[in-house]
>>> print(open('work-v4.cif').read())   # mmCIF, C-alpha atoms
data_coords
#
loop_
_atom_site.label_atom_id
_atom_site.label_comp_id
_atom_site.auth_asym_id
_atom_site.auth_seq_id
_atom_site.Cartn_x
_atom_site.Cartn_y
_atom_site.Cartn_z
CA MET A 5 0.00 0.00 0.00
CA ILE A 6 1.27 3.45 -0.84
CA SER A 7 2.17 5.39 2.28
CA LEU A 8 0.39 8.62 3.24
CA LYS A 9 3.64 10.55 2.87
CA ARG A 10 4.19 9.23 -0.63
CA SER A 11 0.55 9.98 -1.57
CA CYS A 12 0.96 13.58 -0.44
CA SER A 13 4.17 13.84 -2.45
CA LEU A 14 2.47 12.56 -5.61
CA LEU A 15 -0.45 14.93 -5.10
CA ALA A 16 1.89 17.87 -4.69
CA GLY A 17 3.74 16.91 -7.86
CA PHE A 18 0.47 16.62 -9.76
CA CYS A 19 -0.58 20.10 -8.58
CA VAL A 20 2.74 21.54 -9.74
CA LEU A 21 2.28 20.00 -13.18
CA CYS A 22 -1.28 21.34 -13.44
CA PHE A 23 -0.12 24.82 -12.44
CA ALA A 24 2.68 24.73 -15.02
CA ALA A 25 0.26 23.66 -17.74
CA ALA A 26 -2.18 26.38 -16.77
CA ALA A 27 0.59 28.98 -16.66
CA SER A 28 1.69 28.10 -20.20
CA ALA A 29 -1.84 28.32 -21.62
CA GLN A 30 -2.55 31.41 -23.71
CA ILE A 31 -5.27 33.52 -22.18
CA GLN A 32 -7.84 34.89 -24.65
CA THR A 33 -9.98 37.89 -23.79
CA PRO A 34 -12.10 40.22 -25.96
CA ARG A 35 -10.23 43.00 -27.74
CA PRO A 36 -11.60 46.33 -28.98
CA SER A 37 -10.05 45.55 -32.38
CA GLN A 38 -11.19 42.03 -33.21
CA LYS A 39 -9.07 39.53 -35.08
CA ALA A 40 -10.04 38.59 -38.64
CA SER A 41 -8.69 36.59 -41.56
CA VAL A 42 -9.30 36.38 -45.30
CA MET A 43 -8.04 33.62 -47.60
CA GLN A 44 -8.14 33.25 -51.36
CA ARG A 45 -6.83 30.44 -53.54
CA ILE A 46 -5.39 31.49 -56.89
CA GLY A 47 -4.92 28.37 -58.98
CA VAL A 48 -3.31 26.14 -56.34
CA THR A 49 -1.70 28.99 -54.39
CA ASP A 50 -3.24 30.13 -51.09
CA VAL A 51 -3.06 33.76 -49.99
CA THR A 52 -4.01 34.30 -46.33
CA ILE A 53 -4.15 37.64 -44.52
CA THR A 54 -4.67 37.74 -40.75
CA TYR A 55 -5.18 41.09 -39.04
CA SER A 56 -7.03 43.02 -36.34
CA ARG A 57 -9.81 45.48 -37.18
CA PRO A 58 -9.67 48.90 -35.51
CA GLY A 59 -12.71 51.15 -35.82
CA VAL A 60 -12.90 54.77 -36.95
CA LYS A 61 -15.00 55.68 -33.88
CA GLY A 62 -15.31 59.30 -34.95
CA ARG A 63 -11.54 59.84 -34.90
CA GLN A 64 -9.26 61.44 -37.48
CA ILE A 65 -7.58 58.51 -39.17
CA TRP A 66 -5.20 60.06 -41.71
CA GLY A 67 -3.12 63.23 -41.61
CA ASP A 68 0.20 64.93 -41.00
CA PRO A 69 2.01 64.29 -37.72
CA LEU A 70 1.70 67.02 -35.12
CA PRO A 71 4.76 69.22 -34.42
CA GLU A 72 5.27 67.55 -31.03
CA GLN A 73 5.71 64.21 -32.84
CA ALA A 74 8.67 65.51 -34.83
CA LYS A 75 11.14 63.84 -32.45
CA VAL A 76 10.21 60.52 -34.11
CA THR A 77 12.29 60.72 -37.28
CA GLY A 78 12.38 58.71 -40.48
CA GLU A 79 9.80 55.97 -40.99
CA ALA A 80 9.58 54.95 -37.33
CA THR A 81 6.06 54.17 -36.20
CA LEU A 82 3.84 56.65 -34.40
CA ASP A 83 1.23 53.97 -33.81
CA ASN A 84 1.32 54.03 -30.01
CA GLN A 85 -1.96 55.05 -28.42
CA ASN A 86 -0.26 55.56 -25.04
CA GLU A 87 2.02 58.25 -26.51
CA ARG A 88 -0.27 59.74 -29.15
CA PRO A 89 -0.85 63.49 -28.51
CA LYS A 90 -4.41 64.74 -28.32
CA GLY A 91 -5.65 65.65 -31.78
CA ALA A 92 -3.03 63.59 -33.61
CA PRO A 93 -4.23 61.36 -36.49
CA ILE A 94 -4.38 57.64 -35.82
CA VAL A 95 -2.22 56.93 -38.90
CA PRO A 96 0.18 59.81 -39.59
CA TRP A 97 1.52 60.21 -43.11
CA GLY A 98 5.07 58.98 -43.71
CA HIS A 99 5.34 56.62 -40.75
CA MET A 100 5.27 52.85 -40.45
CA TRP A 101 1.86 51.36 -39.62
CA ARG A 102 1.04 47.79 -38.64
CA THR A 103 -1.94 48.03 -41.01
CA GLY A 104 -4.34 47.07 -38.30
CA ALA A 105 -4.15 46.83 -34.53
CA ASN A 106 -2.53 44.53 -31.96
CA GLU A 107 -0.13 42.18 -33.79
CA ALA A 108 1.20 43.30 -37.13
CA THR A 109 -0.87 42.06 -40.05
CA GLN A 110 0.33 38.66 -41.28
CA PHE A 111 0.57 37.82 -44.98
CA VAL A 112 1.11 34.16 -45.94
CA ILE A 113 1.55 32.69 -49.43
CA THR A 114 2.12 29.03 -50.27
CA ASP A 115 3.99 29.67 -53.55
CA ASP A 116 6.10 32.39 -55.10
CA VAL A 117 3.97 35.28 -56.37
CA LEU A 118 4.32 38.70 -57.93
CA ILE A 119 3.15 41.68 -55.87
CA ASN A 120 2.47 44.58 -58.25
CA GLY A 121 4.86 42.84 -60.63
CA GLN A 122 7.66 42.19 -58.12
CA LYS A 123 8.60 38.74 -56.83
CA LEU A 124 7.71 37.69 -53.29
CA PRO A 125 8.89 34.16 -52.36
CA ALA A 126 6.54 31.71 -50.67
CA GLY A 127 6.44 32.20 -46.92
CA SER A 128 5.00 34.10 -43.97
CA TYR A 129 5.48 37.84 -43.59
CA SER A 130 4.36 40.75 -41.47
CA LEU A 131 2.67 43.35 -43.66
CA HIS A 132 3.36 46.98 -42.78
CA THR A 133 2.50 50.12 -44.73
CA ILE A 134 3.80 53.66 -44.93
CA PRO A 135 0.75 55.71 -45.94
CA ALA A 136 1.01 59.05 -47.74
CA LYS A 137 -1.53 61.29 -49.42
CA ASP A 138 -0.71 60.22 -52.97
CA GLU A 139 1.25 56.98 -52.62
CA TRP A 140 1.56 54.16 -50.10
CA THR A 141 4.54 51.88 -49.53
CA ILE A 142 3.55 48.30 -48.75
CA VAL A 143 6.22 46.40 -46.84
CA PHE A 144 6.59 42.62 -46.57
CA ASN A 145 8.91 41.94 -43.66
CA GLY A 146 10.51 38.58 -42.90
CA THR A 147 9.59 38.68 -39.20
CA ALA A 148 6.08 37.31 -39.45
CA ASN A 149 5.07 37.42 -35.78
CA GLN A 150 5.65 40.78 -34.13
CA TRP A 151 3.58 43.14 -32.05
CA GLY A 152 2.68 46.20 -34.08
CA SER A 153 5.55 47.89 -35.90
CA PHE A 154 7.46 48.80 -32.73
CA ASN A 155 10.30 46.31 -33.29
CA TYR A 156 10.18 46.54 -37.06
CA ASP A 157 13.64 45.99 -38.61
CA PRO A 158 14.03 47.26 -42.21
CA LYS A 159 17.00 44.94 -42.68
CA LYS A 160 14.54 42.05 -42.64
CA ASP A 161 12.36 43.45 -45.41
CA THR A 162 11.83 41.00 -48.25
CA LEU A 163 9.92 43.35 -50.54
CA ARG A 164 8.59 46.89 -50.78
CA VAL A 165 6.09 47.97 -53.42
CA LYS A 166 4.22 51.19 -54.17
CA ALA A 167 0.43 51.45 -54.35
CA LYS A 168 -1.97 54.27 -55.16
CA PRO A 169 -4.65 55.11 -52.58
CA GLU A 170 -8.18 55.74 -53.79
CA MET A 171 -10.76 57.96 -52.10
CA VAL A 172 -14.23 56.44 -51.89
CA GLN A 173 -17.62 57.88 -50.95
CA THR A 174 -18.77 55.37 -48.37
CA ASN A 175 -17.22 55.12 -44.92
CA GLN A 176 -15.67 51.81 -43.86
CA GLU A 177 -16.01 51.86 -40.06
CA TRP A 178 -13.89 48.77 -39.35
CA LEU A 179 -10.62 48.17 -41.17
CA ALA A 180 -11.06 45.44 -43.77
CA PHE A 181 -8.83 43.47 -46.11
CA THR A 182 -10.73 42.10 -49.09
CA ILE A 183 -9.54 40.02 -52.04
CA ASP A 184 -11.59 40.96 -55.07
CA PRO A 185 -11.73 40.70 -58.03
CA VAL A 186 -10.17 37.28 -58.54
CA GLY A 187 -8.98 35.80 -61.84
CA ASP A 188 -7.44 32.51 -62.95
CA ASP A 189 -3.90 33.62 -62.08
CA ALA A 190 -4.24 36.88 -60.12
CA ALA A 191 -6.30 38.69 -57.51
CA GLN A 192 -6.56 42.19 -56.11
CA VAL A 193 -6.04 42.79 -52.40
CA ASN A 194 -7.78 45.89 -51.04
CA ILE A 195 -6.91 47.65 -47.79
CA ARG A 196 -10.08 49.54 -46.85
CA TRP A 197 -10.57 51.89 -43.89
CA GLU A 198 -12.54 55.10 -43.41
CA LYS A 199 -12.82 56.59 -46.91
CA VAL A 200 -9.54 55.24 -48.28
CA SER A 201 -9.00 52.09 -50.33
CA VAL A 202 -5.52 50.87 -51.30
CA PRO A 203 -5.37 48.06 -53.88
CA PHE A 204 -2.42 45.89 -54.87
CA THR A 205 -2.23 42.79 -57.05
CA VAL A 206 -1.09 39.28 -56.23
CA LYS A 207 -0.24 37.26 -59.33
CA VAL A 208 0.86 33.65 -59.63
CA PRO A 209 3.41 33.82 -62.46
CA ASP A 210 2.82 30.27 -63.74
CA VAL A 211 -0.28 28.47 -62.44
CA ALA A 212 0.38 25.43 -64.62
CA ALA A 213 3.92 24.99 -63.29
CA ALA A 214 2.76 25.42 -59.69
CA THR A 215 -0.02 22.88 -60.25
CA MET A 216 2.33 20.32 -61.81
CA ALA A 217 4.84 20.73 -58.99
CA LYS A 218 2.16 20.07 -56.38
CA LEU A 219 0.76 17.10 -58.32
CA LYS A 220 4.22 15.53 -58.55
CA ALA A 221 4.88 16.10 -54.87
CA THR A 222 1.51 14.66 -53.86
CA VAL A 223 1.84 11.55 -56.04
CA ALA A 224 5.42 11.00 -54.84
CA ALA A 225 4.23 11.17 -51.22
CA ALA A 226 1.36 8.72 -51.77
CA LYS A 227 1.46 5.43 -49.90
CA PRO A 228 2.33 2.29 -51.90
CA ASP A 229 -1.28 1.01 -51.75
CA ASP A 230 -2.83 4.39 -52.69
CA TRP A 231 -4.37 4.05 -56.15
CA ARG A 232 -6.68 7.07 -55.86
CA THR A 233 -3.99 9.80 -55.76
CA PRO A 234 -2.26 8.89 -59.05
CA MET A 235 -5.68 8.31 -60.65
CA GLN A 236 -6.89 11.79 -59.67
CA ALA A 237 -3.63 13.43 -60.79
CA GLY A 238 -3.60 11.61 -64.12
CA GLY A 239 -7.28 12.26 -64.74
CA TYR A 240 -6.80 15.98 -64.11
CA LEU A 241 -3.87 16.28 -66.53
CA ILE A 242 -5.71 14.64 -69.43
CA LEU A 243 -9.38 15.39 -68.81
CA GLN A 244 -9.21 18.91 -67.35
CA ASN A 245 -5.81 20.36 -68.20
CA ALA A 246 -5.52 22.16 -71.52
CA ASP A 247 -1.81 21.48 -72.15
CA PRO A 248 -1.32 18.38 -74.34
CA SER A 249 2.36 18.22 -73.36
CA ASP A 250 1.22 16.88 -69.98
CA ASP A 251 -0.78 14.00 -71.45
CA ALA A 252 2.09 11.49 -71.24
CA GLN A 253 2.57 12.18 -67.55
CA GLY A 254 -1.16 11.90 -67.00
CA MET A 255 -1.31 8.50 -68.69
CA ALA A 256 1.71 7.30 -66.70
CA TRP A 257 -0.07 8.17 -63.46
CA LEU A 258 -3.26 6.39 -64.60
CA ASP A 259 -1.21 3.30 -65.39
CA GLN A 260 0.45 3.59 -61.98
CA SER A 261 -2.96 3.65 -60.32
CA ILE A 262 -4.14 0.56 -62.19
CA LYS A 263 -0.90 -1.25 -61.38
CA VAL A 264 -1.43 -0.58 -57.66
CA LYS A 265 -5.01 -1.87 -57.80
CA GLU A 266 -7.34 -2.35 -60.74
CA THR A 267 -10.69 -0.71 -59.91
CA TYR A 268 -13.81 0.42 -61.71
CA ASP A 269 -12.87 4.05 -61.07
CA ASN A 270 -9.35 4.00 -62.50
CA LEU A 271 -10.31 1.81 -65.48
CA ARG A 272 -13.21 4.17 -66.26
CA THR A 273 -10.98 7.23 -65.87
CA LYS A 274 -8.34 5.83 -68.22
CA ALA A 275 -11.03 4.88 -70.76
CA ASN A 276 -12.28 8.48 -70.76
CA ALA A 277 -8.70 9.73 -71.10
CA LEU A 278 -8.00 7.44 -74.06
CA TYR A 279 -11.17 8.63 -75.76
CA LYS A 280 -10.21 12.26 -75.31
CA LEU A 281 -6.80 11.51 -76.84
CA GLY A 282 -8.51 10.12 -79.94
CA LYS A 283 -7.86 6.45 -79.17
CA LYS A 284 -11.46 5.36 -79.63
CA GLU A 285 -11.02 1.60 -80.00
CA GLU A 286 -8.73 1.36 -76.96
CA ALA A 287 -11.12 3.52 -74.97
CA ILE A 288 -14.14 1.36 -75.79
CA ALA A 289 -12.30 -1.88 -75.02
CA LEU A 290 -11.12 -0.55 -71.66
CA GLY A 291 -14.57 0.89 -71.00
CA GLU A 292 -16.11 -2.58 -71.38
CA GLN A 293 -13.51 -3.91 -68.97
CA ALA A 294 -14.33 -1.11 -66.50
CA ILE A 295 -18.04 -1.99 -66.55
CA GLN A 296 -17.29 -5.66 -65.91
CA ARG A 297 -15.09 -4.69 -62.99
CA GLY A 298 -17.73 -2.32 -61.66
CA LYS A 299 -20.46 -4.92 -61.77
CA ALA A 300 -18.21 -7.46 -60.08
CA ASP A 301 -17.59 -4.91 -57.34
CA LYS A 302 -21.33 -4.03 -57.18
CA ALA A 303 -20.71 -0.42 -58.25
CA ASP A 304 -23.33 1.69 -60.01
CA THR A 305 -22.14 1.64 -63.63
CA SER A 306 -25.31 2.99 -65.27
CA ALA A 307 -24.00 6.49 -66.04
CA PHE A 308 -20.78 5.19 -67.58
CA GLU A 309 -22.65 2.54 -69.58
CA LYS A 310 -24.62 5.35 -71.22
CA ARG A 311 -21.41 7.28 -71.85
CA LEU A 312 -19.77 4.19 -73.37
CA ALA A 313 -22.76 3.76 -75.68
CA ASP A 314 -22.31 7.39 -76.78
CA MET A 315 -18.62 6.72 -77.38
CA LYS A 316 -19.46 3.81 -79.66
CA ALA A 317 -21.98 5.95 -81.52
CA GLY A 318 -19.54 8.84 -81.81
CA LYS A 319 -21.94 11.20 -80.01
CA ILE A 320 -19.28 12.71 -77.73
#
>>> encode(input="work-v4.cif", output="structure tokens")
Amino acid sequence: MISLKRSCSLLAGFCVLCFAAAASAQIQTPRPSQKASVMQRIGVTDVTITYSRPGVKGRQIWGDPLPEQAKVTGEATLDNQNERPKGAPIVPWGHMWRTGANEATQFVITDDVLINGQKLPAGSYSLHTIPAKDEWTIVFNGTANQWGSFNYDPKKDTLRVKAKPEMVQTNQEWLAFTIDPVGDDAAQVNIRWEKVSVPFTVKVPDVAAATMAKLKATVAAAKPDDWRTPMQAGGYLILQNADPSDDAQGMAWLDQSIKVKETYDNLRTKANALYKLGKKEEAIALGEQAIQRGKADKADTSAFEKRLADMKAGKI
């Protein structure tokens, strides 16, 4: 039987562990400027912006620094509410701004992109801005997690681009990042607060190359018994992709899928691929085989049987 002394010792140790765990937990409480996030996929590239949303609240947002703020020289931030003189704008012209509140805005991209035509490598960044009346500087800094712009180090900048602010009629009470419009290979990010909107573009320079790289990586990482991943990759390249130079790779992946395990799905997918490539007889023969496999596996083959009949009749 465990002695009373030992029991007390174990209980004390347990309490210490619980206290340590509780002490390391991150406390979350409501903030006046609530956290928000916006994400957009461009091709296969994800763009994610995480920020906090200050409100206008009847204050002057933009303007020249007051004379008593002149001691802060260069681009150094004036975004400290505890030191802001009465009557000073929230975001003074010519000084670094976290482009939000609380933590600096975070900008994350999963592939290399072009920001207003200039390259930004894949990664996580803090996004700062230097607003001015006629032109803003948008800064992508390599220190992704920092509080405000107080410890901002220009030596860690990865990219700076210029953007033109636009005056709008409607008031945006809470700071907002939006991503719109969106195209096949590019999107426009808009910084919107009060009556100012600042757009900049994010462009994926080669969506096809990014897609192929991710397909290759995904197929290479597939488990030995995974027939679905190479089937899906091969089917995309031939049946959805518009570049015929990728057809050979697509067919190789379909063959890889069938080699792993012959199924109704991969036989049917390869039959459709062969038909698209103009190999009608091969497609029909493999289609018949797919239906036999499907029926043996008790799959619903009715839709593909109709498609196979249309193939034979040359209706598709």
>>> closest_residue(input="work-v4.cif", among="A:Glu72, A:Thr33, A:Ala105, A:Gln110", to="Phe154 in chain A", atoms="all atoms listed in the file")
A:Ala105
>>> closest_residue(input="work-v4.cif", among="A:Thr233, A:Asn276, A:Ala191, A:Leu82", to="Leu290 in chain A", atoms="all atoms listed in the file")
A:Asn276
>>> closest_residue(input="work-v4.cif", among="A:Ile195, A:Ile242, A:Ala237, A:Val211", to="Val223 in chain A", atoms="only C-alpha atoms")
A:Ala237
>>> resolve_selection(input="work-v4.cif", expression="the PyMOL selection byres ((chain A and resi 247-259) around 7)", output="list in words")
Pro234, Met235, Ala237, Gly238, Gly239, Leu241, Ile242, Asn245, Ala246, Gln260, Ser261, Ile262, Lys263, Asn270 and Lys274 of chain A
>>> closest_residue(input="work-v4.cif", among="A:Tyr55, A:Lys123, A:Ala317, A:Asp301", to="Ile288 in chain A", atoms="all atoms listed in the file")
A:Ala317
>>> closest_residue(input="work-v4.cif", among="A:Arg297, A:Lys207, A:Arg102, A:Arg164", to="Gly121 in chain A", atoms="all atoms listed in the file")
A:Lys207
>>> closest_residue(input="work-v4.cif", among="A:Phe308, A:Trp140, A:Phe111, A:Tyr156", to="Gln293 in chain A", atoms="all atoms listed in the file")
A:Phe308
>>> atom_distance(input="work-v4.cif", atom1="CA of Pro58 in chain A", atom2="CA of Met100 in chain A")
16.2 Å
>>> resolve_selection(input="work-v4.cif", expression="the PyMOL selection byres ((chain A and resi 202) around 10)", output="list in words")
Pro135, Glu139, Trp140, Ile142, Ala167, Lys168, Pro169, Glu170, Met171, Phe181, Gln192, Val193, Asn194, Ile195, Arg196, Trp197, Val200, Ser201, Pro203 and Phe204 of chain A
>>> resolve_selection(input="work-v4.cif", expression="the PyMOL selection byres ((chain A and resi 208) around 8)", output="tab-separated table (two decimals) with C-alpha atoms, in the coordinates of the input")
chain	number	residue	atom	x	y	z
A	46	ILE	CA	-5.39	31.49	-56.89
A	47	GLY	CA	-4.92	28.37	-58.98
A	49	THR	CA	-1.70	28.99	-54.39
A	115	ASP	CA	3.99	29.67	-53.55
A	116	ASP	CA	6.10	32.39	-55.10
A	117	VAL	CA	3.97	35.28	-56.37
A	118	LEU	CA	4.32	38.70	-57.93
A	189	ASP	CA	-3.90	33.62	-62.08
A	190	ALA	CA	-4.24	36.88	-60.12
A	206	VAL	CA	-1.09	39.28	-56.23
A	207	LYS	CA	-0.24	37.26	-59.33
A	209	PRO	CA	3.41	33.82	-62.46
A	210	ASP	CA	2.82	30.27	-63.74
A	211	VAL	CA	-0.28	28.47	-62.44
>>> atom_distance(input="work-v4.cif", atom1="CA of Asn145 in chain A", atom2="CA of Thr77 in chain A")
20.1 Å
>>> atom_distance(input="work-v4.cif", atom1="CA of Thr267 in chain A", atom2="CA of Leu243 in chain A")
18.4 Å
>>> residues_around(input="work-v4.cif", residues="Trp97 in chain A", least_positions_apart="2", cutoff="6 Å", atoms="all atoms listed in the file", output="number ranges by chain")
A: 67-68, 99, 135-136
>>> axis_aligned_box(input="work-v4.cif", around="range 91-96 of chain A", padding_each_side="8 Å", output="JSON")
{"center_x": -2.7, "center_y": 61.3, "center_z": -35.7, "size_x": 21.8, "size_y": 24.7, "size_z": 23.8}
>>> decode(input="work-v4.cif", residues="range 57-77 of chain A", atoms="N, CA, C and O atoms", output="PDB file, in the first residue's frame")
ATOM      1  N   ARG A  57      -8.977  44.476 -36.529  1.00  0.00           N
ATOM      2  CA  ARG A  57      -9.808  45.482 -37.184  1.00  0.00           C
ATOM      3  C   ARG A  57     -10.134  46.663 -36.260  1.00  0.00           C
ATOM      4  O   ARG A  57     -11.146  46.644 -35.566  1.00  0.00           O
ATOM      5  N   PRO A  58      -9.307  47.704 -36.283  1.00  0.00           N
ATOM      6  CA  PRO A  58      -9.672  48.898 -35.510  1.00  0.00           C
ATOM      7  C   PRO A  58     -10.859  49.611 -36.146  1.00  0.00           C
ATOM      8  O   PRO A  58     -11.105  49.487 -37.349  1.00  0.00           O
ATOM      9  N   GLY A  59     -11.580  50.376 -35.330  1.00  0.00           N
ATOM     10  CA  GLY A  59     -12.715  51.155 -35.822  1.00  0.00           C
ATOM     11  C   GLY A  59     -12.363  52.626 -35.944  1.00  0.00           C
ATOM     12  O   GLY A  59     -11.461  53.129 -35.276  1.00  0.00           O
ATOM     13  N   VAL A  60     -13.106  53.322 -36.797  1.00  0.00           N
ATOM     14  CA  VAL A  60     -12.903  54.772 -36.946  1.00  0.00           C
ATOM     15  C   VAL A  60     -13.320  55.478 -35.652  1.00  0.00           C
ATOM     16  O   VAL A  60     -12.591  56.324 -35.115  1.00  0.00           O
ATOM     17  N   LYS A  61     -14.501  55.161 -35.162  1.00  0.00           N
ATOM     18  CA  LYS A  61     -15.000  55.675 -33.883  1.00  0.00           C
ATOM     19  C   LYS A  61     -14.969  57.210 -33.808  1.00  0.00           C
ATOM     20  O   LYS A  61     -14.679  57.779 -32.759  1.00  0.00           O
ATOM     21  N   GLY A  62     -15.239  57.849 -34.939  1.00  0.00           N
ATOM     22  CA  GLY A  62     -15.307  59.301 -34.952  1.00  0.00           C
ATOM     23  C   GLY A  62     -13.961  60.000 -34.914  1.00  0.00           C
ATOM     24  O   GLY A  62     -13.901  61.235 -34.805  1.00  0.00           O
ATOM     25  N   ARG A  63     -12.878  59.251 -35.015  1.00  0.00           N
ATOM     26  CA  ARG A  63     -11.538  59.836 -34.903  1.00  0.00           C
ATOM     27  C   ARG A  63     -10.993  60.254 -36.271  1.00  0.00           C
ATOM     28  O   ARG A  63     -11.456  59.783 -37.305  1.00  0.00           O
ATOM     29  N   GLN A  64      -9.980  61.115 -36.255  1.00  0.00           N
ATOM     30  CA  GLN A  64      -9.259  61.445 -37.485  1.00  0.00           C
ATOM     31  C   GLN A  64      -8.282  60.312 -37.751  1.00  0.00           C
ATOM     32  O   GLN A  64      -7.387  60.046 -36.935  1.00  0.00           O
ATOM     33  N   ILE A  65      -8.425  59.671 -38.876  1.00  0.00           N
ATOM     34  CA  ILE A  65      -7.583  58.510 -39.172  1.00  0.00           C
ATOM     35  C   ILE A  65      -6.288  58.912 -39.856  1.00  0.00           C
ATOM     36  O   ILE A  65      -5.201  58.497 -39.457  1.00  0.00           O
ATOM     37  N   TRP A  66      -6.364  59.718 -40.892  1.00  0.00           N
ATOM     38  CA  TRP A  66      -5.199  60.060 -41.705  1.00  0.00           C
ATOM     39  C   TRP A  66      -4.818  61.525 -41.497  1.00  0.00           C
ATOM     40  O   TRP A  66      -5.682  62.358 -41.234  1.00  0.00           O
ATOM     41  N   GLY A  67      -3.526  61.834 -41.680  1.00  0.00           N
ATOM     42  CA  GLY A  67      -3.119  63.233 -41.614  1.00  0.00           C
ATOM     43  C   GLY A  67      -1.645  63.397 -41.293  1.00  0.00           C
ATOM     44  O   GLY A  67      -0.915  62.418 -41.040  1.00  0.00           O
ATOM     45  N   ASP A  68      -1.199  64.627 -41.316  1.00  0.00           N
ATOM     46  CA  ASP A  68       0.201  64.933 -41.003  1.00  0.00           C
ATOM     47  C   ASP A  68       0.456  64.769 -39.505  1.00  0.00           C
ATOM     48  O   ASP A  68      -0.430  65.037 -38.676  1.00  0.00           O
ATOM     49  N   PRO A  69       1.676  64.356 -39.142  1.00  0.00           N
ATOM     50  CA  PRO A  69       2.015  64.291 -37.721  1.00  0.00           C
ATOM     51  C   PRO A  69       1.960  65.689 -37.090  1.00  0.00           C
ATOM     52  O   PRO A  69       2.159  66.698 -37.775  1.00  0.00           O
ATOM     53  N   LEU A  70       1.683  65.748 -35.825  1.00  0.00           N
ATOM     54  CA  LEU A  70       1.705  67.019 -35.121  1.00  0.00           C
ATOM     55  C   LEU A  70       3.146  67.442 -34.862  1.00  0.00           C
ATOM     56  O   LEU A  70       4.058  66.599 -34.818  1.00  0.00           O
ATOM     57  N   PRO A  71       3.391  68.756 -34.681  1.00  0.00           N
ATOM     58  CA  PRO A  71       4.760  69.220 -34.421  1.00  0.00           C
ATOM     59  C   PRO A  71       5.428  68.509 -33.252  1.00  0.00           C
ATOM     60  O   PRO A  71       6.630  68.223 -33.288  1.00  0.00           O
ATOM     61  N   GLU A  72       4.659  68.194 -32.191  1.00  0.00           N
ATOM     62  CA  GLU A  72       5.265  67.550 -31.031  1.00  0.00           C
ATOM     63  C   GLU A  72       5.656  66.093 -31.295  1.00  0.00           C
ATOM     64  O   GLU A  72       6.292  65.448 -30.455  1.00  0.00           O
ATOM     65  N   GLN A  73       5.293  65.561 -32.476  1.00  0.00           N
ATOM     66  CA  GLN A  73       5.711  64.210 -32.843  1.00  0.00           C
ATOM     67  C   GLN A  73       6.966  64.214 -33.702  1.00  0.00           C
ATOM     68  O   GLN A  73       7.426  63.159 -34.126  1.00  0.00           O
ATOM     69  N   ALA A  74       7.530  65.381 -33.930  1.00  0.00           N
ATOM     70  CA  ALA A  74       8.674  65.513 -34.833  1.00  0.00           C
ATOM     71  C   ALA A  74       9.918  64.806 -34.308  1.00  0.00           C
ATOM     72  O   ALA A  74      10.840  64.512 -35.076  1.00  0.00           O
ATOM     73  N   LYS A  75       9.968  64.525 -33.008  1.00  0.00           N
ATOM     74  CA  LYS A  75      11.138  63.837 -32.454  1.00  0.00           C
ATOM     75  C   LYS A  75      11.276  62.414 -32.999  1.00  0.00           C
ATOM     76  O   LYS A  75      12.352  61.827 -32.958  1.00  0.00           O
ATOM     77  N   VAL A  76      10.159  61.856 -33.480  1.00  0.00           N
ATOM     78  CA  VAL A  76      10.211  60.524 -34.108  1.00  0.00           C
ATOM     79  C   VAL A  76      10.563  60.728 -35.567  1.00  0.00           C
ATOM     80  O   VAL A  76       9.745  61.202 -36.357  1.00  0.00           O
ATOM     81  N   THR A  77      11.789  60.424 -35.942  1.00  0.00           N
ATOM     82  CA  THR A  77      12.292  60.722 -37.277  1.00  0.00           C
ATOM     83  C   THR A  77      12.191  59.511 -38.197  1.00  0.00           C
ATOM     84  O   THR A  77      11.968  58.372 -37.760  1.00  0.00           O
TER      85      THR A  77
END
